[in-house]
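Content type mmCIF, C-alpha atoms, from the file start03.cif:
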data_protein
#
loop_
_atom_site.label_atom_id
_atom_site.label_comp_id
_atom_site.auth_asym_id
_atom_site.auth_seq_id
_atom_site.Cartn_x
_atom_site.Cartn_y
_atom_site.Cartn_z
CA MET A 1 11.72 4.25 12.25
CA PRO A 2 11.89 6.57 9.23
CA GLU A 3 13.87 9.64 10.09
CA GLU A 4 11.32 12.17 8.79
CA TYR A 5 9.29 11.39 11.90
CA LEU A 6 12.12 12.42 14.21
CA PRO A 7 11.29 16.17 14.08
CA ILE A 8 7.74 15.34 15.14
CA LEU A 9 9.04 13.68 18.29
CA ILE A 10 11.27 16.69 18.99
CA LEU A 11 8.29 18.99 18.52
CA ILE A 12 6.14 16.96 20.91
CA ALA A 13 8.90 17.15 23.52
CA LEU A 14 9.33 20.89 22.96
CA ALA A 15 5.58 21.58 23.11
CA VAL A 16 5.20 19.66 26.37
CA GLY A 17 8.27 21.41 27.73
CA PHE A 18 6.88 24.80 26.74
CA ALA A 19 3.58 24.06 28.48
CA VAL A 20 5.22 22.78 31.66
CA VAL A 21 7.69 25.68 31.89
CA ASN A 22 4.96 28.26 31.37
CA LEU A 23 2.70 26.68 33.98
CA GLY A 24 5.65 26.51 36.38
CA VAL A 25 6.57 30.16 35.88
CA THR A 26 3.01 31.39 36.44
CA PHE A 27 2.77 29.15 39.47
CA LEU A 28 5.83 30.89 40.92
CA LEU A 29 5.05 34.45 39.79
CA GLY A 30 1.31 34.67 40.38
CA ARG A 31 0.11 35.56 43.84
CA ARG A 32 -1.92 32.99 45.65
CA LYS A 33 -4.47 33.77 48.30
CA SER A 34 -7.35 31.36 48.42
CA THR A 35 -10.61 32.19 50.09
CA VAL A 36 -13.64 29.97 50.43
CA GLU A 37 -15.70 32.08 48.04
CA LYS A 38 -12.99 32.25 45.41
CA ASP A 39 -12.65 28.50 45.28
CA PHE A 40 -16.33 27.90 44.61
CA ALA A 41 -17.34 26.85 41.13
CA TYR A 42 -18.57 29.94 39.29
CA GLU A 43 -22.33 30.18 39.18
CA CYS A 44 -22.89 33.91 38.73
CA GLY A 45 -22.41 34.59 42.43
CA ILE A 46 -24.82 32.00 43.75
CA VAL A 47 -23.41 29.32 46.05
CA PRO A 48 -23.45 26.02 44.09
CA GLU A 49 -26.23 23.78 45.32
CA SER A 50 -25.26 20.36 44.04
CA ASN A 51 -22.44 18.51 42.35
CA ALA A 52 -22.08 19.52 38.73
CA ARG A 53 -21.39 16.00 37.55
CA GLY A 54 -25.01 15.02 37.31
CA ARG A 55 -26.87 13.33 34.52
CA PHE A 56 -26.87 14.75 31.05
CA SER A 57 -28.70 14.15 27.82
CA VAL A 58 -28.23 10.77 26.17
CA LYS A 59 -28.02 12.53 22.80
CA PHE A 60 -24.40 13.39 23.38
CA PHE A 61 -23.62 9.67 23.61
CA LEU A 62 -25.58 9.11 20.44
CA VAL A 63 -23.44 11.65 18.60
CA ALA A 64 -20.31 9.92 19.86
CA ILE A 65 -21.59 6.59 18.50
CA LEU A 66 -22.48 8.14 15.15
CA PHE A 67 -19.00 9.62 15.06
CA ILE A 68 -17.37 6.24 15.53
CA VAL A 69 -19.52 4.68 12.80
CA PHE A 70 -18.80 7.33 10.20
CA ASP A 71 -15.24 8.14 11.13
CA VAL A 72 -14.15 4.53 10.81
CA GLU A 73 -15.76 4.35 7.40
CA LEU A 74 -14.13 7.63 6.49
CA ILE A 75 -10.69 6.23 7.21
CA PHE A 76 -11.30 3.45 4.67
CA LEU A 77 -11.96 6.07 2.02
CA TYR A 78 -8.57 7.80 2.38
CA PRO A 79 -6.36 5.13 0.80
CA TRP A 80 -8.98 4.70 -1.89
CA ALA A 81 -9.01 8.43 -2.73
CA VAL A 82 -5.22 8.60 -2.86
CA ASN A 83 -4.83 5.59 -5.14
CA LEU A 84 -7.76 6.35 -7.39
CA LYS A 85 -5.53 7.69 -10.16
CA SER A 86 -3.49 4.53 -10.52
CA MET A 87 -6.29 2.00 -10.06
CA GLY A 88 -8.65 3.28 -12.70
CA VAL A 89 -12.37 2.93 -13.14
CA TYR A 90 -12.56 -0.42 -11.34
CA ALA A 91 -11.60 1.26 -8.05
CA PHE A 92 -14.35 3.81 -8.48
CA LEU A 93 -16.98 1.14 -9.15
CA ALA A 94 -15.72 -0.99 -6.27
CA VAL A 95 -16.30 1.74 -3.71
CA LEU A 96 -19.87 2.41 -4.82
CA PRO A 97 -21.42 -0.41 -2.72
CA PHE A 98 -19.45 0.86 0.24
CA MET A 99 -20.76 4.39 -0.29
CA ALA A 100 -24.26 2.95 -0.69
CA LEU A 101 -23.91 1.36 2.76
CA LEU A 102 -22.85 4.73 4.19
CA VAL A 103 -25.86 6.44 2.65
CA ALA A 104 -28.15 3.64 3.86
CA SER A 105 -26.90 4.02 7.42
CA LEU A 106 -27.40 7.77 7.24
CA ILE A 107 -30.97 7.30 5.99
CA TYR A 108 -31.63 4.76 8.73
CA GLU A 109 -30.43 7.16 11.43
CA TRP A 110 -32.39 9.99 9.92
CA ARG A 111 -35.62 7.95 9.86
CA ARG A 112 -35.11 6.67 13.40
CA GLY A 113 -34.81 10.26 14.60
CA ALA A 114 -31.23 10.00 15.80
CA LEU A 115 -30.46 13.35 14.18
CA GLU A 116 -33.25 15.28 15.90
CA TRP A 117 -32.42 17.72 18.66
CA ASP A 118 -35.57 19.03 20.31
CA MET B 119 27.59 13.06 13.39
CA ASP B 120 25.20 13.40 10.46
CA MET B 121 22.32 12.40 12.70
CA ALA B 122 23.30 14.92 15.36
CA LEU B 123 23.44 17.70 12.76
CA GLU B 124 20.02 16.76 11.48
CA VAL B 125 18.53 16.79 14.96
CA ALA B 126 20.12 20.17 15.62
CA VAL B 127 18.73 21.69 12.41
CA ALA B 128 15.28 20.26 13.12
CA ALA B 129 15.38 21.56 16.69
CA ILE B 130 16.30 25.08 15.51
CA LYS B 131 13.51 25.08 12.93
CA ILE B 132 11.01 23.84 15.51
CA PHE B 133 12.11 26.47 17.98
CA ILE B 134 11.63 29.20 15.37
CA VAL B 135 8.21 27.89 14.33
CA VAL B 136 6.88 27.50 17.88
CA ASN B 137 7.98 31.01 18.82
CA VAL B 138 6.69 32.61 15.62
CA VAL B 139 3.36 30.85 16.10
CA GLN B 140 3.02 32.35 19.56
CA LEU B 141 3.93 35.81 18.36
CA VAL B 142 1.50 35.57 15.46
CA VAL B 143 -1.25 34.32 17.78
CA ALA B 144 -0.66 37.24 20.14
CA TYR B 145 -0.92 39.69 17.28
CA MET B 146 -3.91 37.91 15.77
CA ILE B 147 -5.80 38.53 18.98
CA TYR B 148 -4.81 42.18 18.62
CA VAL B 149 -5.92 42.25 14.97
CA GLU B 150 -9.19 40.56 15.89
CA ARG B 151 -9.90 43.12 18.60
CA LYS B 152 -9.06 45.94 16.20
CA VAL B 153 -11.11 44.58 13.29
CA ILE B 154 -14.15 43.86 15.46
CA ALA B 155 -13.83 47.25 17.11
CA HIS B 156 -13.79 49.01 13.76
CA ALA B 157 -16.70 46.87 12.55
CA GLN B 158 -18.64 48.21 15.54
CA LEU B 159 -17.40 51.79 15.04
CA ARG B 160 -15.08 51.65 18.05
CA LEU B 161 -11.33 52.14 18.12
CA GLY B 162 -10.23 49.05 20.05
CA PRO B 163 -6.96 48.98 21.99
CA MET B 164 -5.23 52.37 21.69
CA ARG B 165 -3.29 52.98 24.92
CA VAL B 166 -0.30 50.63 24.93
CA GLY B 167 2.06 51.70 22.17
CA TRP B 168 1.14 53.33 18.88
CA HIS B 169 -2.49 52.36 18.15
CA GLY B 170 -2.19 49.72 20.86
CA LEU B 171 0.52 47.79 19.04
CA LEU B 172 2.18 46.67 22.28
CA GLN B 173 -1.12 45.47 23.75
CA PRO B 174 -0.39 41.75 23.14
CA ILE B 175 2.86 42.01 25.11
CA ALA B 176 1.11 43.75 27.99
CA ASP B 177 -1.60 41.07 27.93
CA GLY B 178 0.97 38.29 27.93
CA LEU B 179 2.82 39.78 30.90
CA LYS B 180 -0.45 40.24 32.75
CA LEU B 181 -1.38 36.59 32.21
CA PHE B 182 1.98 35.53 33.67
CA LEU B 183 1.31 37.47 36.86
CA LYS B 184 -2.32 36.43 37.32
CA GLU B 185 -3.43 34.27 40.18
CA ASP B 186 -3.72 30.61 39.31
CA ILE B 187 -7.08 29.55 40.75
CA VAL B 188 -8.03 25.89 41.05
CA PRO B 189 -11.60 25.48 42.30
CA ASP B 190 -12.03 23.61 45.52
CA LYS B 191 -14.15 20.79 44.12
CA ALA B 192 -12.14 20.39 40.91
CA ASP B 193 -10.11 17.32 40.08
CA ARG B 194 -6.70 18.95 40.46
CA ILE B 195 -4.61 16.70 38.22
CA VAL B 196 -7.04 16.61 35.32
CA PHE B 197 -7.71 20.32 35.75
CA VAL B 198 -4.03 21.14 35.23
CA LEU B 199 -3.57 18.52 32.52
CA ALA B 200 -6.48 19.70 30.35
CA PRO B 201 -4.96 22.94 28.98
CA VAL B 202 -1.75 21.08 28.19
CA MET B 203 -3.77 18.43 26.37
CA VAL B 204 -5.39 21.16 24.27
CA LEU B 205 -2.22 23.10 23.54
CA VAL B 206 0.25 20.32 22.70
CA PRO B 207 -1.69 18.81 19.74
CA ALA B 208 -2.36 22.30 18.39
CA LEU B 209 1.39 22.95 18.26
CA VAL B 210 2.48 19.46 17.16
CA VAL B 211 0.42 19.74 13.98
CA TYR B 212 2.79 22.44 12.72
CA ALA B 213 5.42 19.72 12.18
CA VAL B 214 4.07 18.80 8.74
CA LEU B 215 2.71 22.10 7.40
CA PRO B 216 4.53 23.45 4.31
CA PHE B 217 5.21 27.18 4.67
CA SER B 218 7.15 27.42 1.40
CA ALA B 219 9.02 25.20 -1.06
CA THR B 220 11.92 24.74 1.34
CA PHE B 221 10.63 25.92 4.71
CA TYR B 222 8.88 23.18 6.63
CA ILE B 223 9.80 21.16 9.68
CA THR B 224 9.27 17.78 8.04
CA GLN B 225 7.27 16.19 5.25
CA ILE B 226 5.72 12.77 5.72
CA ASN B 227 3.74 10.76 3.20
CA ILE B 228 0.65 10.73 5.43
CA GLY B 229 0.81 14.49 6.12
CA LEU B 230 -2.88 15.34 5.85
CA PHE B 231 -3.82 12.25 7.80
CA PHE B 232 -1.42 13.26 10.54
CA VAL B 233 -2.93 16.74 10.73
CA LEU B 234 -6.49 15.45 11.04
CA ALA B 235 -5.52 12.77 13.55
CA ILE B 236 -3.50 15.02 15.85
CA SER B 237 -5.79 18.03 15.72
CA SER B 238 -8.73 15.86 16.73
CA LEU B 239 -6.92 15.06 19.99
CA GLY B 240 -7.82 18.55 21.18
CA VAL B 241 -11.33 17.38 22.00
CA PHE B 242 -9.92 15.25 24.85
CA GLY B 243 -8.55 18.37 26.51
CA VAL B 244 -11.90 20.11 26.14
CA VAL B 245 -13.81 17.23 27.73
CA MET B 246 -11.20 16.93 30.48
CA ALA B 247 -11.43 20.65 31.22
CA GLY B 248 -15.22 20.56 31.41
CA TRP B 249 -15.36 17.52 33.60
CA ALA B 250 -12.50 18.43 35.92
CA SER B 251 -13.82 21.93 36.65
CA ASN B 252 -16.87 20.49 38.41
CA SER B 253 -18.92 23.47 37.33
CA LYS B 254 -22.23 23.25 35.53
CA TYR B 255 -21.31 25.77 32.87
CA SER B 256 -18.04 24.01 32.16
CA LEU B 257 -19.63 20.60 31.86
CA LEU B 258 -22.40 21.81 29.55
CA GLY B 259 -19.89 23.71 27.44
CA ALA B 260 -17.61 20.71 27.20
CA LEU B 261 -20.45 18.37 26.21
CA ARG B 262 -21.64 20.72 23.53
CA SER B 263 -18.14 21.33 22.32
CA ALA B 264 -17.35 17.62 22.14
CA ALA B 265 -20.53 16.76 20.23
CA GLN B 266 -19.96 19.67 17.86
CA MET B 267 -16.31 18.88 17.21
CA LEU B 268 -17.01 15.17 16.70
CA SER B 269 -19.82 15.87 14.24
CA TYR B 270 -17.97 18.45 12.22
CA GLU B 271 -14.81 16.41 12.14
CA ILE B 272 -16.71 13.88 10.04
CA PHE B 273 -17.77 16.51 7.52
CA LEU B 274 -14.27 17.95 7.51
CA GLY B 275 -12.83 14.51 6.84
CA PHE B 276 -15.30 13.82 4.03
CA SER B 277 -14.78 17.21 2.41
CA VAL B 278 -11.02 16.71 1.99
CA ILE B 279 -11.56 13.48 0.05
CA GLY B 280 -12.56 15.41 -3.07
CA PRO B 281 -9.22 17.28 -3.39
CA LEU B 282 -7.40 14.09 -2.38
CA MET B 283 -8.90 12.25 -5.33
CA LEU B 284 -7.52 14.95 -7.61
CA ALA B 285 -4.12 15.20 -5.94
CA GLY B 286 -3.51 11.50 -5.41
CA SER B 287 -1.31 12.05 -2.38
CA LEU B 288 -1.57 12.74 1.33
CA ASN B 289 1.78 14.54 1.38
CA LEU B 290 0.94 18.23 1.78
CA GLN B 291 3.86 19.37 -0.37
CA GLU B 292 2.75 17.09 -3.22
CA ILE B 293 -0.83 18.35 -2.93
CA VAL B 294 0.56 21.86 -3.42
CA HIS B 295 2.52 20.74 -6.49
CA ALA B 296 -0.58 19.09 -7.95
CA GLN B 297 -2.24 22.53 -8.13
CA ARG B 298 0.45 24.23 -10.16
CA ASP B 299 -1.98 24.83 -13.04
CA VAL B 300 -5.40 25.15 -11.46
CA TRP B 301 -6.34 25.59 -7.80
CA PHE B 302 -8.59 22.82 -6.55
CA VAL B 303 -11.17 25.33 -5.34
CA PHE B 304 -12.30 25.65 -8.97
CA TYR B 305 -12.79 21.88 -9.26
CA GLN B 306 -14.15 21.44 -5.75
CA PRO B 307 -16.26 24.46 -4.77
CA VAL B 308 -18.77 22.38 -2.80
CA ALA B 309 -16.03 20.59 -0.90
CA PHE B 310 -14.46 23.93 -0.08
CA ILE B 311 -17.68 25.40 1.31
CA VAL B 312 -18.27 22.34 3.49
CA PHE B 313 -14.62 22.38 4.52
CA PHE B 314 -14.77 26.01 5.54
CA VAL B 315 -18.00 25.68 7.54
CA ALA B 316 -16.64 22.57 9.24
CA ALA B 317 -13.41 24.44 9.96
CA LEU B 318 -15.36 27.20 11.70
CA ALA B 319 -17.23 24.67 13.82
CA GLU B 320 -14.11 22.63 14.51
CA THR B 321 -12.25 25.64 15.90
CA ASN B 322 -15.33 26.78 17.87
CA ARG B 323 -15.47 30.07 16.02
CA ALA B 324 -18.48 32.28 15.40
CA PRO B 325 -21.16 31.59 14.17
CA PHE B 326 -20.54 28.16 15.73
CA ASP B 327 -19.06 29.33 19.04
CA LEU B 328 -21.80 27.63 21.06
CA PRO B 329 -19.43 26.03 23.55
CA GLU B 330 -18.50 29.52 24.65
CA ALA B 331 -21.87 31.17 24.13
CA GLU B 332 -21.33 34.01 26.62
CA THR B 333 -24.99 34.77 27.01
CA GLU B 334 -25.87 31.31 28.29
CA LEU B 335 -22.72 29.45 29.37
CA VAL B 336 -20.43 32.24 30.65
CA ALA B 337 -17.30 30.93 28.91
CA GLY B 338 -18.14 27.28 28.31
CA PHE B 339 -15.54 24.67 29.13
CA HIS B 340 -12.93 27.19 30.31
CA THR B 341 -15.15 29.12 32.72
CA GLU B 342 -13.08 28.09 35.75
CA TYR B 343 -9.67 28.71 34.20
CA SER B 344 -7.49 31.71 34.92
CA GLY B 345 -4.01 32.99 34.18
CA MET B 346 -1.72 30.96 31.98
CA LYS B 347 -4.06 27.96 31.81
CA PHE B 348 -6.72 30.19 30.31
CA ALA B 349 -4.10 31.58 27.93
CA PHE B 350 -3.33 28.02 26.78
CA PHE B 351 -6.91 27.55 25.60
CA PHE B 352 -6.71 30.83 23.75
CA LEU B 353 -3.35 30.00 22.22
CA ALA B 354 -4.63 26.59 21.14
CA GLU B 355 -7.77 28.06 19.56
CA TYR B 356 -5.84 30.54 17.45
CA ALA B 357 -3.07 28.08 16.65
CA SER B 358 -5.66 25.61 15.35
CA MET B 359 -7.35 28.39 13.39
CA MET B 360 -4.07 28.92 11.60
CA VAL B 361 -3.58 25.19 11.09
CA ILE B 362 -7.03 24.71 9.60
CA SER B 363 -6.54 27.78 7.39
CA THR B 364 -3.22 26.39 6.21
CA ILE B 365 -4.88 23.09 5.38
CA GLY B 366 -7.56 25.00 3.48
CA ILE B 367 -4.89 26.92 1.59
CA VAL B 368 -2.94 23.76 0.80
CA LEU B 369 -5.97 21.76 -0.33
CA PHE B 370 -7.91 24.40 -2.24
CA PHE B 371 -5.78 27.48 -2.92
CA GLY B 372 -2.48 26.13 -4.18
CA GLY B 373 -0.56 26.40 -0.90
CA TRP B 374 2.47 28.66 -1.04
CA GLU B 375 2.39 28.83 -4.84
CA GLY B 376 0.90 31.89 -6.46
CA PRO B 377 0.05 32.77 -10.04
CA ASP B 378 3.14 33.06 -12.24
CA PHE B 379 2.52 36.62 -13.43
CA ILE B 380 3.06 38.01 -9.91
CA PRO B 381 6.59 36.97 -8.90
CA LEU B 382 6.57 36.79 -5.12
CA PRO B 383 8.42 34.32 -2.90
CA GLY B 384 6.39 31.29 -1.80
CA PHE B 385 6.44 32.28 1.85
CA VAL B 386 4.95 35.70 1.04
CA TRP B 387 2.15 34.05 -0.91
CA TYR B 388 1.50 31.76 2.02
CA CYS B 389 1.34 34.70 4.45
CA LEU B 390 -1.01 36.65 2.17
CA LYS B 391 -3.38 33.72 1.83
CA LEU B 392 -3.23 32.99 5.55
CA GLY B 393 -3.96 36.63 6.31
CA ALA B 394 -6.97 36.55 3.98
CA PHE B 395 -8.30 33.42 5.69
CA MET B 396 -7.83 34.86 9.17
CA PHE B 397 -9.55 38.07 8.13
CA VAL B 398 -12.58 36.09 6.94
CA PHE B 399 -12.67 34.25 10.28
CA ILE B 400 -12.74 37.58 12.13
CA TRP B 401 -15.13 39.19 9.66
CA LEU B 402 -17.65 36.36 10.11
CA ARG B 403 -17.46 36.79 13.87
CA ALA B 404 -18.21 40.48 13.52
CA THR B 405 -21.10 39.88 11.11
CA LEU B 406 -23.03 36.71 11.90
CA PRO B 407 -25.22 35.90 14.90
CA ARG B 408 -24.70 32.63 16.71
CA TYR B 409 -26.45 29.43 15.61
CA ARG B 410 -28.77 27.61 17.99
CA TYR B 411 -27.53 24.16 18.99
CA ASP B 412 -30.25 22.15 17.25
CA GLN B 413 -29.74 24.26 14.11
CA LEU B 414 -26.03 23.53 14.25
CA MET B 415 -26.60 19.79 14.43
CA ARG B 416 -29.32 19.86 11.80
CA VAL B 417 -27.35 21.84 9.24
CA GLY B 418 -24.41 19.52 9.75
CA TRP B 419 -25.97 16.09 9.65
CA LYS B 420 -28.92 16.73 7.37
CA PHE B 421 -27.47 19.15 4.86
CA MET B 422 -23.68 19.15 4.76
CA PHE B 423 -23.21 15.43 5.21
CA PRO B 424 -25.37 14.33 2.24
CA LEU B 425 -23.91 17.19 0.22
CA VAL B 426 -20.34 16.14 0.81
CA MET B 427 -21.06 12.49 0.05
CA LEU B 428 -22.67 13.55 -3.20
CA ASN B 429 -19.55 15.58 -3.90
CA ILE B 430 -17.31 12.54 -3.55
CA PHE B 431 -19.51 10.56 -5.88
CA LEU B 432 -19.68 13.33 -8.48
CA THR B 433 -15.93 13.96 -8.31
CA GLY B 434 -15.19 10.33 -9.02
CA PHE B 435 -17.77 10.25 -11.79
CA LEU B 436 -16.65 13.44 -13.54
CA LYS B 437 -13.01 12.50 -13.16
CA TYR B 438 -13.54 9.53 -15.44
CA LEU B 439 -15.61 11.45 -17.91
CA PHE B 440 -13.43 14.51 -18.35
CA LEU B 441 -9.98 14.21 -16.80
#
Rendering of file as structure tokens:
Amino acid sequence: MPEEYLPILILIALAVGFAVVNLGVTFLLGRRKSTVEKDFAYECGIVPESNARGRFSVKFFLVAILFIVFDVELIFLYPWAVNLKSMGVYAFLAVLPFMALLVASLIYEWRRGALEWD
Amino acid sequence: MDMALEVAVAAIKIFIVVNVVQLVVAYMIYVERKVIAHAQLRLGPMRVGWHGLLQPIADGLKLFLKEDIVPDKADRIVFVLAPVMVLVPALVVYAVLPFSATFYITQINIGLFFVLAISSLGVFGVVMAGWASNSKYSLLGALRSAAQMLSYEIFLGFSVIGPLMLAGSLNLQEIVHAQRDVWFVFYQPVAFIVFFVAALAETNRAPFDLPEAETELVAGFHTEYSGMKFAFFFLAEYASMMVISTIGIVLFFGGWEGPDFIPLPGFVWYCLKLGAFMFVFIWLRATLPRYRYDQLMRVGWKFMFPLVMLNIFLTGFLKYLFL
């Protein structure tokens, strides 16, 4: 493994350590006195009626799917953008059909109403 | 022996950076309170120290001593894990940021890619927090936050392609060097605007702070959190604000390099630019009302997304005509 990645590993270890130590210290220092009311989920003082994990709008799933579609395509554009200088005009022309596909998928989603939030 | 020395140097640098980040975050919260107070013709914190300068330390101590409440119905393990999942990526990103010509933890050839990849992990923590709390406000806040962060991450990712085409490298230090003559903001104004709006949404800042819209969702995904766990969310938010500002500075404003006629050290330039960015973040919060959720999604997908794709196309086109 290239050694410039070593500091990243150290930082991950340090960040996790920092989080764990801080949580541990507050766990020890903070006072704890649980009452039934305190341990309710907060609903502006009203006793919660039902489980919070109910159904929610399908639109959030739709956004997640759109994200996957476009983010994967985005990743393909990074190496292209970086190497554009050395590859010349051919590289630019080669990516145009790809971009056209992206635009077409956006138009499709737009027309199908996937981007509406009412 | 050489390896051990290297590890030791890296560890010391990391220790310094992590601690400085926390200190700066603490004082940024103070600055934010002060700036917003003065924007609203109030004084803000005044009691602890001269003009409230010791307020962040008092707040930090208070958070240490606060009771650590875990709601009865919450999923205990995920509930504790979520703030850690938010905080750790926010700190790890600092590994590749260039603070000056010589001061950085490490430089890798996929620097920008690393930043975008790691900072997007924060959304897991947000979803975990919302789900584990088992509270309606938390869940709604988390869902909104996730959808918002996912959407705006796409625009953020597309907006950095423009400067990348000009720089020809993902290494942040090399992107800085590529702007020695002209800052990329002059070549890429559209990309910068999209980048900045996406940065606001990505860090859940006003006017896109819908996940924490106090008037409807109490505090969004961290409604149920208290004490140090709550502080972690705060720390992560401000740490990622600084990260995204640094990326903005590196990509569009020449990083730690300043104009030649004002001889200041690179680190000072970096701090000045970072301060300017942070001030704009706070200023916008003091000035703008919050977006509605459907407006947020509409402006993103239907306006910024086509705009930023057009920008990529035009950049490539103009690059061959003029550069």
Exercise. Taking the file as shown, find all residues satisfying the PyMOL selection byres ((chain A) within 7 of (chain B)) and write them as JSON, numbers by chain.
Key: {"A": [4, 7, 8, 10, 11, 12, 15, 16, 19, 23, 26, 27, 29, 30, 31, 32, 39, 40, 41, 42, 52, 53, 60, 63, 64, 67, 70, 71, 74, 78, 81, 82, 83, 84, 85, 92, 115, 117, 118]}
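If you look at CA of Phe310 in chain B and CA of Ile367 in chain B, they are 10.2 Å away from each other.
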Quiz item: If you measure from CA of Phe385 in chain B to CA of Phe217 in chain B, what distance in Å do you get, rounded to one decimal?
Solution: 6.0 Å
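CA of Arg298 in chain B to CA of Gly376 in chain B spans 8.5 Å [interatomic distance, one decimal].
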Practice problem: Could you expand the PyMOL selection byres ((chain B and resi 357) around 10) into the explicit residues it covers here, written as an NGL selection string? | Solution: :B and (139-140 or 142-143 or 146 or 205 or 207-209 or 211-212 or 321 or 351-356 or 358-363)
Self-check item: Output check: residues returned by the PyMOL selection byres ((chain B and resi 398) around 12), as a ChimeraX atom specification
Solution: /B:150,153-154,314-315,318,323-324,359,363,391-397,399-406
Quiz item: Which residue out of B:Phe221, B:Val417, B:Leu274, B:Asn429 has the minimum interatomic distance to Val308 in chain B when all atoms listed in the file are used?
Solution: B:Asn429
Around the point (6.8, 27.3, -0.7), in the coordinates given by the file, pick out the residues reaching within 12 Å, counting all atoms listed in the file, and return them as a short mmCIF file (atom, residue, chain, number, x, y, z; two decimals) with C-alpha atoms, in the frame of the given file.
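As written to disk, part.cif reads:
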data_model
loop_
_atom_site.label_atom_id
_atom_site.label_comp_id
_atom_site.auth_asym_id
_atom_site.auth_seq_id
_atom_site.Cartn_x
_atom_site.Cartn_y
_atom_site.Cartn_z
CA LEU B 215 2.71 22.10 7.40
CA PRO B 216 4.53 23.45 4.31
CA PHE B 217 5.21 27.18 4.67
CA SER B 218 7.15 27.42 1.40
CA ALA B 219 9.02 25.20 -1.06
CA THR B 220 11.92 24.74 1.34
CA PHE B 221 10.63 25.92 4.71
CA TYR B 222 8.88 23.18 6.63
CA LEU B 290 0.94 18.23 1.78
CA GLN B 291 3.86 19.37 -0.37
CA GLU B 292 2.75 17.09 -3.22
CA ILE B 293 -0.83 18.35 -2.93
CA VAL B 294 0.56 21.86 -3.42
CA HIS B 295 2.52 20.74 -6.49
CA ARG B 298 0.45 24.23 -10.16
CA ILE B 367 -4.89 26.92 1.59
CA VAL B 368 -2.94 23.76 0.80
CA GLY B 372 -2.48 26.13 -4.18
CA GLY B 373 -0.56 26.40 -0.90
CA TRP B 374 2.47 28.66 -1.04
CA GLU B 375 2.39 28.83 -4.84
CA GLY B 376 0.90 31.89 -6.46
CA LEU B 382 6.57 36.79 -5.12
CA PRO B 383 8.42 34.32 -2.90
CA GLY B 384 6.39 31.29 -1.80
CA PHE B 385 6.44 32.28 1.85
CA VAL B 386 4.95 35.70 1.04
CA TRP B 387 2.15 34.05 -0.91
CA TYR B 388 1.50 31.76 2.02
CA CYS B 389 1.34 34.70 4.45
#
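Closest approach to Gly113 in chain A among A:Tyr5, A:Leu93, A:Lys59, A:Lys38: A:Lys59, based on only C-alpha atoms.
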Quiz item: Around (-4.2, 51.9, 16.6) in the file's frame, which residues reach within 12 Å when counting all atoms listed in the file? Return as an NGL selection string?
Solution: :B and (148-149 or 151-153 or 155-156 or 160-173)
